[in-house]
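Trainee: This is work.cif, which holds mmCIF, C-alpha atoms:
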data_query
#
loop_
_atom_site.label_atom_id
_atom_site.label_comp_id
_atom_site.auth_asym_id
_atom_site.auth_seq_id
_atom_site.Cartn_x
_atom_site.Cartn_y
_atom_site.Cartn_z
CA MET X 22 -35.00 38.18 28.32
CA LYS X 23 -32.04 39.45 26.36
CA TYR X 24 -28.70 37.71 26.49
CA ARG X 25 -25.27 38.18 25.00
CA ALA X 26 -23.35 35.07 24.02
CA LYS X 27 -19.65 35.21 23.27
CA ILE X 28 -18.58 32.26 21.18
CA GLU X 29 -14.90 31.74 20.49
CA VAL X 30 -13.95 29.25 17.78
CA SER X 31 -10.35 28.05 17.82
CA LEU X 32 -8.38 25.26 16.17
CA LYS X 33 -8.06 21.89 17.82
CA PRO X 34 -4.48 20.95 18.75
CA GLY X 35 -2.49 19.45 15.92
CA HIS X 36 -4.18 21.41 13.13
CA SER X 37 -2.07 23.89 11.17
CA ASP X 38 -2.72 27.56 11.76
CA PRO X 39 -1.07 29.33 8.80
CA GLU X 40 -2.25 32.77 9.90
CA GLY X 41 -0.96 32.25 13.45
CA GLU X 42 2.38 30.89 12.22
CA THR X 43 2.90 33.81 9.83
CA THR X 44 1.95 36.32 12.51
CA ALA X 45 4.34 34.70 15.00
CA ARG X 46 7.17 34.82 12.46
CA LEU X 47 6.63 38.51 11.85
CA LEU X 48 6.38 39.35 15.54
CA LYS X 49 9.67 37.55 16.09
CA GLU X 50 11.24 39.58 13.27
CA LEU X 51 10.02 42.71 15.02
CA GLY X 52 12.01 41.65 18.07
CA TYR X 53 9.35 40.17 20.33
CA ALA X 54 10.12 37.00 22.26
CA VAL X 55 7.06 35.25 20.84
CA GLN X 56 6.81 31.45 21.04
CA ALA X 57 3.57 30.96 19.15
CA VAL X 58 0.44 32.74 17.98
CA ASN X 59 -2.93 31.02 17.70
CA VAL X 60 -5.69 32.74 15.78
CA SER X 61 -9.30 32.23 16.84
CA LYS X 62 -12.58 33.76 15.74
CA ALA X 63 -14.95 35.43 18.19
CA TYR X 64 -18.68 35.92 17.63
CA THR X 65 -20.77 38.11 19.90
CA VAL X 66 -24.40 37.04 19.51
CA ASN X 67 -27.21 39.08 21.00
CA LEU X 68 -30.25 36.86 21.42
CA GLU X 69 -33.54 36.45 23.20
CA ALA X 70 -34.28 33.44 25.38
CA ALA X 71 -36.55 32.49 28.27
CA SER X 72 -33.67 31.76 30.61
CA LEU X 73 -29.90 31.73 30.89
CA LYS X 74 -30.00 27.96 30.46
CA GLU X 75 -31.95 28.26 27.21
CA ALA X 76 -29.63 30.99 25.93
CA LYS X 77 -26.63 28.73 26.58
CA ALA X 78 -28.34 25.82 24.83
CA LYS X 79 -29.11 28.01 21.81
CA ALA X 80 -25.52 29.26 21.62
CA GLU X 81 -24.31 25.68 21.84
CA GLU X 82 -26.64 24.68 18.99
CA MET X 83 -25.47 27.61 16.83
CA SER X 84 -21.87 26.60 17.37
CA ARG X 85 -22.49 22.99 16.41
CA ARG X 86 -24.70 23.76 13.42
CA LEU X 87 -22.74 26.57 11.84
CA LEU X 88 -19.93 28.37 13.63
CA ALA X 89 -17.56 25.45 14.25
CA ASN X 90 -16.54 22.47 12.12
CA PRO X 91 -15.90 19.61 14.58
CA THR X 92 -13.17 18.22 12.32
CA LYS X 93 -10.81 21.02 13.29
CA ASP X 94 -12.54 23.48 15.62
CA ASN X 95 -13.08 23.76 19.37
CA TYR X 96 -15.40 26.38 20.79
CA THR X 97 -16.05 28.03 24.13
CA ILE X 98 -19.23 29.85 25.08
CA THR X 99 -19.90 32.46 27.74
CA VAL X 100 -23.40 33.88 28.13
CA GLU X 101 -24.51 36.84 30.19
CA GLU X 102 -27.75 38.69 30.57
CA GLN X 103 -27.86 42.03 28.79
CA LYS X 104 -28.45 44.89 31.15
CA MET K 8 -32.07 8.53 -21.86
CA LYS K 9 -31.00 10.68 -24.77
CA ARG K 10 -28.41 13.34 -24.05
CA GLU K 11 -30.80 16.13 -24.87
CA GLU K 12 -33.25 14.80 -22.26
CA ILE K 13 -30.72 15.04 -19.41
CA LYS K 14 -31.64 17.92 -17.12
CA THR K 15 -28.88 19.43 -15.00
CA LEU K 16 -29.41 21.99 -12.28
CA ILE K 17 -26.63 24.45 -11.55
CA MET K 18 -27.54 25.95 -8.20
CA ARG K 19 -26.30 29.38 -7.24
CA VAL K 20 -26.49 31.93 -4.44
CA GLY K 21 -25.02 35.39 -3.99
CA GLY K 22 -21.26 35.14 -4.55
CA THR K 23 -21.38 32.17 -6.93
CA ASN K 24 -19.33 33.04 -10.01
CA CYS K 25 -18.65 29.85 -11.98
CA ASP K 26 -22.24 28.99 -12.87
CA ALA K 27 -22.12 30.26 -16.48
CA GLU K 28 -19.06 28.21 -17.47
CA THR K 29 -20.47 25.13 -15.77
CA GLN K 30 -23.79 25.50 -17.56
CA ARG K 31 -22.04 25.99 -20.89
CA ALA K 32 -19.98 22.82 -20.39
CA PHE K 33 -23.13 20.69 -20.02
CA ARG K 34 -24.83 22.37 -22.97
CA GLU K 35 -21.76 21.86 -25.16
CA LEU K 36 -22.16 18.13 -24.51
CA GLY K 37 -25.78 18.18 -25.57
CA ALA K 38 -27.41 18.04 -22.13
CA GLN K 39 -29.88 20.57 -20.73
CA ALA K 40 -28.53 22.82 -18.00
CA GLU K 41 -30.38 25.43 -16.02
CA THR K 42 -29.01 27.84 -13.44
CA LEU K 43 -31.31 28.64 -10.53
CA HIS K 44 -30.86 30.49 -7.26
CA LEU K 45 -31.35 28.37 -4.14
CA ASN K 46 -34.43 30.41 -3.18
CA GLU K 47 -36.00 29.71 -6.57
CA VAL K 48 -35.43 25.96 -6.12
CA VAL K 49 -37.02 26.19 -2.66
CA LYS K 50 -39.96 28.13 -4.07
CA ARG K 51 -40.55 25.79 -7.00
CA ARG K 52 -39.84 22.62 -4.97
CA ASN K 53 -38.50 21.12 -8.18
CA LEU K 54 -35.15 19.57 -7.26
CA MET K 55 -36.40 16.11 -8.23
CA ASP K 56 -37.12 17.34 -11.77
CA TYR K 57 -33.39 17.23 -12.44
CA ASN K 58 -31.10 14.30 -13.19
CA ALA K 59 -27.95 15.92 -11.81
CA LEU K 60 -27.10 18.78 -9.46
CA VAL K 61 -24.03 21.00 -9.41
CA PHE K 62 -22.78 23.35 -6.72
CA PRO K 63 -20.44 25.56 -8.75
CA GLY K 64 -17.45 27.60 -7.68
CA GLY K 65 -17.42 31.09 -6.27
CA PHE K 66 -17.40 32.81 -2.92
CA ALA K 67 -20.91 32.14 -1.66
CA HIS K 68 -22.05 34.46 1.10
CA GLY K 69 -18.66 36.15 1.08
CA ASP K 70 -16.96 33.01 2.42
CA TYR K 71 -18.06 34.20 5.86
CA VAL K 72 -17.83 31.85 8.85
CA ARG K 73 -16.02 29.24 6.72
CA SER K 74 -16.12 28.83 2.94
CA GLY K 75 -19.28 26.99 1.98
CA ALA K 76 -20.65 26.77 5.55
CA ILE K 77 -23.55 29.20 5.18
CA TRP K 78 -24.71 27.87 1.82
CA ALA K 79 -24.47 24.31 3.16
CA ARG K 80 -26.58 25.06 6.25
CA LEU K 81 -29.18 26.88 4.15
CA VAL K 82 -29.50 23.99 1.71
CA MET K 83 -29.82 21.42 4.50
CA ALA K 84 -32.40 23.52 6.35
CA LYS K 85 -34.50 24.31 3.28
CA LEU K 86 -33.96 21.34 0.96
CA GLY K 87 -32.52 18.64 3.24
CA LYS K 88 -35.24 16.05 2.58
CA GLU K 89 -35.22 16.53 -1.18
CA LEU K 90 -31.45 16.42 -1.27
CA LYS K 91 -31.39 13.13 0.66
CA ALA K 92 -33.98 11.67 -1.72
CA PHE K 93 -31.84 12.88 -4.65
CA ILE K 94 -28.81 11.08 -3.21
CA ASP K 95 -30.77 7.93 -2.30
CA GLU K 96 -31.83 7.63 -5.94
CA GLY K 97 -28.19 7.83 -6.98
CA ARG K 98 -28.60 11.05 -8.92
CA PRO K 99 -25.17 12.66 -9.36
CA ILE K 100 -24.14 15.70 -7.32
CA LEU K 101 -20.98 17.55 -8.27
CA GLY K 102 -19.27 20.22 -6.17
CA ILE K 103 -16.53 22.32 -7.72
CA CYS K 104 -14.23 24.41 -5.48
CA ASN K 105 -16.73 26.37 -3.36
CA GLY K 106 -19.18 23.59 -4.25
CA PHE K 107 -16.80 20.98 -2.78
CA GLN K 108 -16.65 23.07 0.41
CA VAL K 109 -20.46 23.06 0.46
CA LEU K 110 -20.66 19.27 0.06
CA VAL K 111 -18.21 18.78 2.93
CA GLU K 112 -20.01 21.28 5.18
CA GLU K 113 -23.37 19.64 4.37
CA GLY K 114 -22.02 16.30 5.58
CA LEU K 115 -22.46 14.74 2.11
CA LEU K 116 -18.73 14.19 1.72
CA PRO K 117 -16.95 12.05 2.71
CA GLY K 118 -20.21 10.52 3.98
CA PHE K 119 -18.53 7.45 5.49
CA GLU K 120 -21.88 6.20 6.80
CA GLY K 121 -24.18 8.18 4.49
CA VAL K 122 -25.07 11.83 5.01
CA SER K 123 -23.70 12.99 8.38
CA ALA K 124 -25.33 15.58 10.62
CA TYR K 125 -22.02 17.42 11.07
CA PRO K 126 -19.01 17.76 8.78
CA GLU K 127 -16.63 14.77 8.87
CA ALA K 128 -13.83 16.66 7.11
CA SER K 129 -12.85 20.23 6.40
CA LEU K 130 -11.40 22.34 3.62
CA ALA K 131 -9.22 24.50 5.82
CA PRO K 132 -7.26 27.65 4.90
CA ASN K 133 -4.34 27.00 2.55
CA ILE K 134 -0.89 26.78 4.10
CA ARG K 135 0.32 29.63 1.85
CA GLY K 136 -2.80 31.67 1.30
CA TYR K 137 -4.89 32.12 -1.84
CA GLN K 138 -3.57 30.24 -4.87
CA CYS K 139 -4.71 30.76 -8.46
CA ARG K 140 -2.77 28.65 -10.96
CA TRP K 141 -2.72 25.43 -12.96
CA VAL K 142 -1.98 22.18 -11.17
CA TYR K 143 -1.70 18.49 -12.04
CA LEU K 144 -4.01 15.83 -10.68
CA LYS K 145 -3.80 12.06 -10.75
CA ASN K 146 -6.90 9.93 -10.93
CA GLU K 147 -6.55 7.32 -8.19
CA ASN K 148 -10.10 6.05 -8.36
CA ARG K 149 -10.50 2.39 -9.16
CA GLY K 150 -13.88 2.81 -10.84
CA ASN K 151 -16.35 3.70 -8.09
CA CYS K 152 -16.63 7.40 -8.99
CA ILE K 153 -19.06 8.02 -11.83
CA PHE K 154 -17.53 11.46 -12.45
CA THR K 155 -14.26 9.95 -13.69
CA GLY K 156 -15.71 7.17 -15.81
CA LYS K 157 -13.95 8.66 -18.84
CA VAL K 158 -10.62 9.08 -17.02
CA PRO K 159 -8.37 6.00 -16.91
CA GLU K 160 -6.95 5.11 -13.48
CA GLY K 161 -3.54 6.72 -13.05
CA LYS K 162 -4.11 9.36 -15.75
CA VAL K 163 -2.68 12.81 -15.01
CA LEU K 164 -4.96 15.77 -15.74
CA ARG K 165 -4.23 19.48 -15.80
CA MET K 166 -6.70 21.99 -14.38
CA PRO K 167 -6.60 25.34 -12.62
CA ILE K 168 -7.26 26.01 -8.94
CA ALA K 169 -8.40 29.31 -7.43
CA HIS K 170 -9.03 29.10 -3.71
CA GLY K 171 -7.90 30.24 -0.28
CA GLU K 172 -9.54 27.41 1.66
CA GLY K 173 -8.87 24.08 0.01
CA ARG K 174 -6.64 22.17 2.42
CA PHE K 175 -8.48 18.89 2.88
CA VAL K 176 -8.19 17.70 6.47
CA LEU K 177 -9.72 14.90 8.53
CA PRO K 178 -9.99 14.80 12.34
CA LYS K 179 -6.35 14.50 13.52
CA GLU K 180 -7.00 11.76 16.04
CA LYS K 181 -8.29 9.35 13.40
CA GLU K 182 -6.91 10.58 10.08
CA GLY K 183 -4.94 7.37 9.40
CA ALA K 184 -7.95 5.14 9.96
CA LEU K 185 -10.23 7.40 7.92
CA LEU K 186 -7.75 7.57 5.04
CA ALA K 187 -7.68 3.78 5.01
CA LYS K 188 -11.48 3.84 4.90
CA LEU K 189 -11.42 6.29 1.96
CA TYR K 190 -9.22 3.85 0.03
CA GLU K 191 -11.14 0.79 1.16
CA ASN K 192 -14.39 2.27 -0.18
CA ASP K 193 -12.68 3.71 -3.30
CA MET K 194 -13.57 7.28 -2.34
CA VAL K 195 -10.21 8.90 -3.16
CA VAL K 196 -10.45 10.39 -6.64
CA PHE K 197 -7.84 13.08 -7.37
CA ARG K 198 -4.48 13.75 -5.73
CA TYR K 199 -2.11 16.63 -6.49
CA CYS K 200 0.98 15.45 -8.36
CA ASP K 201 3.66 16.73 -10.70
CA LYS K 202 3.28 16.52 -14.47
CA ASN K 203 4.72 13.00 -14.47
CA GLY K 204 2.18 11.81 -11.94
CA VAL K 205 4.53 11.66 -8.95
CA ALA K 206 2.59 12.43 -5.77
CA ALA K 207 3.33 15.78 -4.10
CA GLU K 208 3.83 14.11 -0.68
CA GLU K 209 2.16 17.17 0.85
CA LYS K 210 5.00 19.42 -0.38
CA TYR K 211 4.41 22.90 -1.77
CA PRO K 212 4.12 23.99 -4.59
CA VAL K 213 3.05 20.69 -6.20
CA ASN K 214 0.49 20.35 -3.42
CA PRO K 215 -0.82 23.94 -3.60
CA ASN K 216 -2.67 24.11 -0.29
CA GLY K 217 -1.14 21.56 2.09
CA ALA K 218 -4.02 19.07 1.71
CA PHE K 219 -3.71 15.88 3.74
CA HIS K 220 -2.40 13.06 1.53
CA ASP K 221 -2.47 15.52 -1.43
CA ILE K 222 -6.23 15.04 -1.72
CA ALA K 223 -7.83 17.26 -4.36
CA GLY K 224 -11.12 15.42 -4.82
CA ILE K 225 -13.16 12.67 -3.17
CA CYS K 226 -16.48 10.95 -3.74
CA ASN K 227 -18.96 9.24 -1.43
CA ARG K 228 -19.18 5.45 -0.95
CA GLU K 229 -21.63 5.12 -3.80
CA GLY K 230 -19.52 7.25 -6.15
CA THR K 231 -22.46 9.49 -6.97
CA VAL K 232 -21.49 12.58 -4.93
CA PHE K 233 -18.17 14.11 -5.88
CA GLY K 234 -16.26 17.23 -4.87
CA MET K 235 -13.02 18.63 -6.23
CA MET K 236 -11.07 21.82 -5.59
CA PRO K 237 -9.74 22.34 -9.17
CA HIS K 238 -12.04 23.79 -11.83
CA PRO K 239 -12.90 21.43 -14.72
CA GLU K 240 -15.18 24.09 -16.26
CA ARG K 241 -12.14 26.37 -16.61
CA ALA K 242 -10.26 23.64 -18.48
CA PHE K 243 -13.03 22.66 -20.86
CA TYR K 244 -12.05 24.22 -24.20
CA TRP K 245 -8.59 24.27 -25.77
CA TRP K 246 -8.51 28.04 -25.66
CA GLN K 247 -8.90 28.07 -21.88
CA GLN K 248 -5.52 26.38 -21.44
CA PRO K 249 -2.58 28.55 -20.39
CA ASP K 250 -0.22 27.52 -23.19
CA TRP K 251 -2.50 27.54 -26.20
CA THR K 252 -0.53 30.26 -27.95
CA ARG K 253 2.72 28.31 -27.56
CA GLN K 254 1.45 25.00 -28.91
CA THR K 255 1.38 24.22 -32.59
CA GLN K 256 -1.48 21.81 -32.24
CA MET K 257 -4.02 21.59 -29.45
CA THR K 258 -6.78 19.10 -28.87
CA GLN K 259 -10.24 20.62 -29.20
CA TYR K 260 -10.97 20.29 -25.50
CA GLY K 261 -9.07 20.49 -22.22
CA ASP K 262 -8.97 17.82 -19.52
CA GLY K 263 -11.94 19.31 -17.67
CA LYS K 264 -14.27 18.04 -20.37
CA LEU K 265 -13.68 14.47 -19.16
CA ILE K 266 -15.52 15.18 -15.89
CA PHE K 267 -18.64 16.55 -17.62
CA GLU K 268 -18.50 13.87 -20.30
CA SER K 269 -18.37 11.20 -17.57
CA ILE K 270 -21.54 12.54 -15.93
CA VAL K 271 -23.45 12.89 -19.19
CA GLU K 272 -22.41 9.43 -20.39
CA HIS K 273 -23.32 7.88 -17.02
CA LEU K 274 -26.79 9.43 -17.15
CA ALA K 275 -27.29 8.56 -20.80
CA LYS K 276 -26.52 4.89 -20.09
CA ARG K 277 -28.35 4.70 -16.77
CA CYS K 278 -31.79 5.88 -17.67
#
As structure tokens, please, write out the structure in this file.

Mentor:
Amino acid sequence: MKYRAKIEVSLKPGHSDPEGETTARLLKELGYAVQAVNVSKAYTVNLEAASLKEAKAKAEEMSRRLLANPTKDNYTITVEEQK
Amino acid sequence: MKREEIKTLIMRVGGTNCDAETQRAFRELGAQAETLHLNEVVKRRNLMDYNALVFPGGFAHGDYVRSGAIWARLVMAKLGKELKAFIDEGRPILGICNGFQVLVEEGLLPGFEGVSAYPEASLAPNIRGYQCRWVYLKNENRGNCIFTGKVPEGKVLRMPIAHGEGRFVLPKEKEGALLAKLYENDMVVFRYCDKNGVAAEEKYPVNPNGAFHDIAGICNREGTVFGMMPHPERAFYWWQQPDWTRQTQMTQYGDGKLIFESIVEHLAKRC
């Protein structure tokens, strides 16, 4: 079966986000009432797995092994079957 | 072991760009140095033929995902067992800039309880983006780190940095306790400081990237695995220094030589 996993890697609270802070500052200068900007990274992974459960487990493993560094990153995963 | 018998491996992958200078530094000191691509090392299965291993600087795999992350995962997947044996035997491993990022992503540094399955620290994006300039570093190691054997404690060194992701961070919820552990085990090596050795206190520009506690380089508990963001191989010869045309008299070598000399001397004495 073919699945599509969307993995979003974002910073844990308390860690500096220089890109987000710079973007927020500029948006404020452009006149937007922006309080804060947080930058995250999104990966869309097309994969094959025997079941939805296995696809989720694989996406979880990929996140832990490579896509996120637990020191500073959180991640969220959503998996759906590819039609 | 005689100096000329010391065999150093400079590992590279696509995007590595400081391998030639690193190799030359070792050869200048009389040691053997060979540069090999990771795939070649995997093919030959010859990591244990070498006395020391270096992950040099560069932008391996385009710095995709996070700097050093892809190279680190590849090494652990393909050479994990050999690398652990290398460390267990106390053979030195040096990571410079991108190489430091690799050692952190591999779980070799800090390595509070030995090699960890997941990174225990991170070299996060700099507070003010990519920085390429000379900085000052203070050696705070009390003697554990074999890579600073030739550098007296408290000595201030000058070397260049060139990175966009070098802000050393620890997990926020336990950074105080982990910093204490770094000191307790004598794992702190270099901190960013001004030319008089006064700590940057995390303030830009003396601390160029916003690193926690101004940390520029750390080693493992055993002192045999060491990573640093600045480039000693770019501060090796006198003519690599930024002010050589303004000085009337220069020493033959720059401060970076001390790092390579420390490794070579350690190996020469050890074996």

Trainee: Any idea what's packed within 8 Å of Asp262 in chain K, counting all atoms listed in the file, ignoring anything in its chain fewer than 6 positions away? Could you give it as a list in words?

Mentor: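 Listing them by chain and then by number gives Leu164, Arg165, Met166, Pro239, Ala242 and Phe243 of chain K.
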
Trainee: Put those residues in a file: C-alpha atoms, as an mmCIF file, in the coordinates of the input.

Mentor:
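Result went into selection.cif, see below:
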data_model
loop_
_atom_site.group_PDB
_atom_site.id
_atom_site.type_symbol
_atom_site.label_atom_id
_atom_site.label_comp_id
_atom_site.auth_asym_id
_atom_site.auth_seq_id
_atom_site.Cartn_x
_atom_site.Cartn_y
_atom_site.Cartn_z
ATOM 1 C CA LEU K 164 -4.960 15.770 -15.740
ATOM 2 C CA ARG K 165 -4.230 19.480 -15.800
ATOM 3 C CA MET K 166 -6.700 21.990 -14.380
ATOM 4 C CA PRO K 239 -12.900 21.430 -14.720
ATOM 5 C CA ALA K 242 -10.260 23.640 -18.480
ATOM 6 C CA PHE K 243 -13.030 22.660 -20.860
#

Trainee: Select all residues from chain K having any atom no more than 7 Å from an atom of chain X (counting only C-alpha atoms, ignoring ligands), output as a tab-separated table (two decimals) with C-alpha atoms, in the coordinates of the input.

Mentor:
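Output file result.tsv follows:
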chain	number	residue	atom	x	y	z
K	72	VAL	CA	-17.83	31.85	8.85
K	76	ALA	CA	-20.65	26.77	5.55
K	80	ARG	CA	-26.58	25.06	6.25
K	126	PRO	CA	-19.01	17.76	8.78
K	127	GLU	CA	-16.63	14.77	8.87
K	128	ALA	CA	-13.83	16.66	7.11
K	129	SER	CA	-12.85	20.23	6.40
K	134	ILE	CA	-0.89	26.78	4.10
K	177	LEU	CA	-9.72	14.90	8.53
K	178	PRO	CA	-9.99	14.80	12.34
K	179	LYS	CA	-6.35	14.50	13.52

Trainee: Rounded to one decimal place, report the CA of Phe33 in chain K-CA of Thr15 in chain K distance in Å.

Mentor: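 These two atoms are separated by 7.7 Å.
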
Trainee: In Å to one decimal, how far is CA of Tyr143 in chain K from CA of Cys104 in chain K?

Mentor: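 Going from CA of Cys104 in chain K over to CA of Tyr143 in chain K, I get 15.3 Å.
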
Trainee: Within 12 Å of range 20-22 of chain K, counting all atoms listed in the file, which residues show up once you throw out same-chain ones fewer than 6 positions away? Write them as a list in words, please.

Mentor: Thr42, Leu43, His44, Leu45, Asn46, Glu47, Val48, Phe62, Pro63, Gly64, Gly65, Phe66, Ala67, His68, Gly69, Asp70, Tyr71, Ser74, Gly75, Ile77, Trp78, Ala79, Leu81, Val82, Asn105, Gly106 and Val109 of chain K

Trainee: Do you know which residues lie at most 12 Å from (-33.1, 20.1, -10.1), with coordinates as in the file and all atoms listed in the file counted, and could you write them as a PyMOL selection string?

Mentor: chain K and resi 13-19+39-45+47-49+51-62+86+89-90+92-93+98-100

Trainee: I need the output of the PyMOL selection byres ((chain K and resi 158) around 10) for this file as a tab-separated table (two decimals) with C-alpha atoms, keeping the file's coordinate frame; which residues are they?

Mentor:
chain	number	residue	atom	x	y	z
K	145	LYS	CA	-3.80	12.06	-10.75
K	146	ASN	CA	-6.90	9.93	-10.93
K	147	GLU	CA	-6.55	7.32	-8.19
K	148	ASN	CA	-10.10	6.05	-8.36
K	150	GLY	CA	-13.88	2.81	-10.84
K	153	ILE	CA	-19.06	8.02	-11.83
K	154	PHE	CA	-17.53	11.46	-12.45
K	155	THR	CA	-14.26	9.95	-13.69
K	156	GLY	CA	-15.71	7.17	-15.81
K	157	LYS	CA	-13.95	8.66	-18.84
K	159	PRO	CA	-8.37	6.00	-16.91
K	160	GLU	CA	-6.95	5.11	-13.48
K	161	GLY	CA	-3.54	6.72	-13.05
K	162	LYS	CA	-4.11	9.36	-15.75
K	163	VAL	CA	-2.68	12.81	-15.01
K	164	LEU	CA	-4.96	15.77	-15.74
K	262	ASP	CA	-8.97	17.82	-19.52
K	265	LEU	CA	-13.68	14.47	-19.16
K	266	ILE	CA	-15.52	15.18	-15.89
K	268	GLU	CA	-18.50	13.87	-20.30
K	269	SER	CA	-18.37	11.20	-17.57

Trainee: Counting all atoms listed in the file, note down every residue that has an atom within 12 Å of the point (-31.4, 33.0, 26.9) (file coordinates), as a compact mmCIF listing (two decimals) with C-alpha atoms, in the coordinates of the input.

Mentor:
# COMPACT_ATOMS: atom_id res chain seq x y z
CA MET X 22 -35.00 38.18 28.32
CA LYS X 23 -32.04 39.45 26.36
CA TYR X 24 -28.70 37.71 26.49
CA ARG X 25 -25.27 38.18 25.00
CA ALA X 26 -23.35 35.07 24.02
CA VAL X 66 -24.40 37.04 19.51
CA ASN X 67 -27.21 39.08 21.00
CA LEU X 68 -30.25 36.86 21.42
CA GLU X 69 -33.54 36.45 23.20
CA ALA X 70 -34.28 33.44 25.38
CA ALA X 71 -36.55 32.49 28.27
CA SER X 72 -33.67 31.76 30.61
CA LEU X 73 -29.90 31.73 30.89
CA LYS X 74 -30.00 27.96 30.46
CA GLU X 75 -31.95 28.26 27.21
CA ALA X 76 -29.63 30.99 25.93
CA LYS X 77 -26.63 28.73 26.58
CA ALA X 78 -28.34 25.82 24.83
CA LYS X 79 -29.11 28.01 21.81
CA ALA X 80 -25.52 29.26 21.62
CA GLU X 81 -24.31 25.68 21.84
CA THR X 99 -19.90 32.46 27.74
CA VAL X 100 -23.40 33.88 28.13
CA GLU X 101 -24.51 36.84 30.19
CA GLU X 102 -27.75 38.69 30.57
CA GLN X 103 -27.86 42.03 28.79

Trainee: Starting from the sparse input, extend range 32-47 of chain X to N, CA and C atoms and give the output as a PDB file, in the coordinates of the input.

Mentor:
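The resulting file, result19.pdb, is shown below:
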ATOM      1  N   LEU X  32      -8.785  26.537  16.784  1.00  0.00           N
ATOM      2  CA  LEU X  32      -8.380  25.260  16.170  1.00  0.00           C
ATOM      3  C   LEU X  32      -8.058  24.223  17.225  1.00  0.00           C
ATOM      4  N   LYS X  33      -8.432  22.992  16.934  1.00  0.00           N
ATOM      5  CA  LYS X  33      -8.060  21.890  17.820  1.00  0.00           C
ATOM      6  C   LYS X  33      -6.543  21.683  17.725  1.00  0.00           C
ATOM      7  N   PRO X  34      -5.931  21.189  18.796  1.00  0.00           N
ATOM      8  CA  PRO X  34      -4.480  20.950  18.750  1.00  0.00           C
ATOM      9  C   PRO X  34      -4.108  20.016  17.611  1.00  0.00           C
ATOM     10  N   GLY X  35      -2.977  20.310  16.998  1.00  0.00           N
ATOM     11  CA  GLY X  35      -2.490  19.450  15.920  1.00  0.00           C
ATOM     12  C   GLY X  35      -2.848  19.954  14.534  1.00  0.00           C
ATOM     13  N   HIS X  36      -3.825  20.872  14.444  1.00  0.00           N
ATOM     14  CA  HIS X  36      -4.180  21.410  13.130  1.00  0.00           C
ATOM     15  C   HIS X  36      -3.346  22.651  12.827  1.00  0.00           C
ATOM     16  N   SER X  37      -2.913  22.756  11.566  1.00  0.00           N
ATOM     17  CA  SER X  37      -2.070  23.890  11.170  1.00  0.00           C
ATOM     18  C   SER X  37      -2.844  25.199  11.257  1.00  0.00           C
ATOM     19  N   ASP X  38      -2.136  26.228  11.660  1.00  0.00           N
ATOM     20  CA  ASP X  38      -2.720  27.560  11.760  1.00  0.00           C
ATOM     21  C   ASP X  38      -1.811  28.512  10.977  1.00  0.00           C
ATOM     22  N   PRO X  39      -1.980  28.528   9.629  1.00  0.00           N
ATOM     23  CA  PRO X  39      -1.070  29.330   8.800  1.00  0.00           C
ATOM     24  C   PRO X  39      -1.048  30.806   9.193  1.00  0.00           C
ATOM     25  N   GLU X  40      -2.195  31.346   9.541  1.00  0.00           N
ATOM     26  CA  GLU X  40      -2.250  32.770   9.900  1.00  0.00           C
ATOM     27  C   GLU X  40      -1.474  33.013  11.210  1.00  0.00           C
ATOM     28  N   GLY X  41      -1.668  32.131  12.178  1.00  0.00           N
ATOM     29  CA  GLY X  41      -0.960  32.250  13.450  1.00  0.00           C
ATOM     30  C   GLY X  41       0.543  32.109  13.266  1.00  0.00           C
ATOM     31  N   GLU X  42       0.945  31.126  12.435  1.00  0.00           N
ATOM     32  CA  GLU X  42       2.380  30.890  12.220  1.00  0.00           C
ATOM     33  C   GLU X  42       3.034  32.084  11.532  1.00  0.00           C
ATOM     34  N   THR X  43       2.357  32.652  10.552  1.00  0.00           N
ATOM     35  CA  THR X  43       2.900  33.810   9.830  1.00  0.00           C
ATOM     36  C   THR X  43       2.994  35.018  10.765  1.00  0.00           C
ATOM     37  N   THR X  44       1.957  35.192  11.573  1.00  0.00           N
ATOM     38  CA  THR X  44       1.950  36.320  12.510  1.00  0.00           C
ATOM     39  C   THR X  44       3.083  36.172  13.531  1.00  0.00           C
ATOM     40  N   ALA X  45       3.274  34.939  14.028  1.00  0.00           N
ATOM     41  CA  ALA X  45       4.340  34.700  15.000  1.00  0.00           C
ATOM     42  C   ALA X  45       5.709  35.011  14.400  1.00  0.00           C
ATOM     43  N   ARG X  46       5.878  34.585  13.130  1.00  0.00           N
ATOM     44  CA  ARG X  46       7.170  34.820  12.460  1.00  0.00           C
ATOM     45  C   ARG X  46       7.451  36.314  12.354  1.00  0.00           C
ATOM     46  N   LEU X  47       6.432  37.072  11.994  1.00  0.00           N
ATOM     47  CA  LEU X  47       6.630  38.510  11.850  1.00  0.00           C
ATOM     48  C   LEU X  47       6.913  39.173  13.195  1.00  0.00           C
TER      49      LEU X  47
END
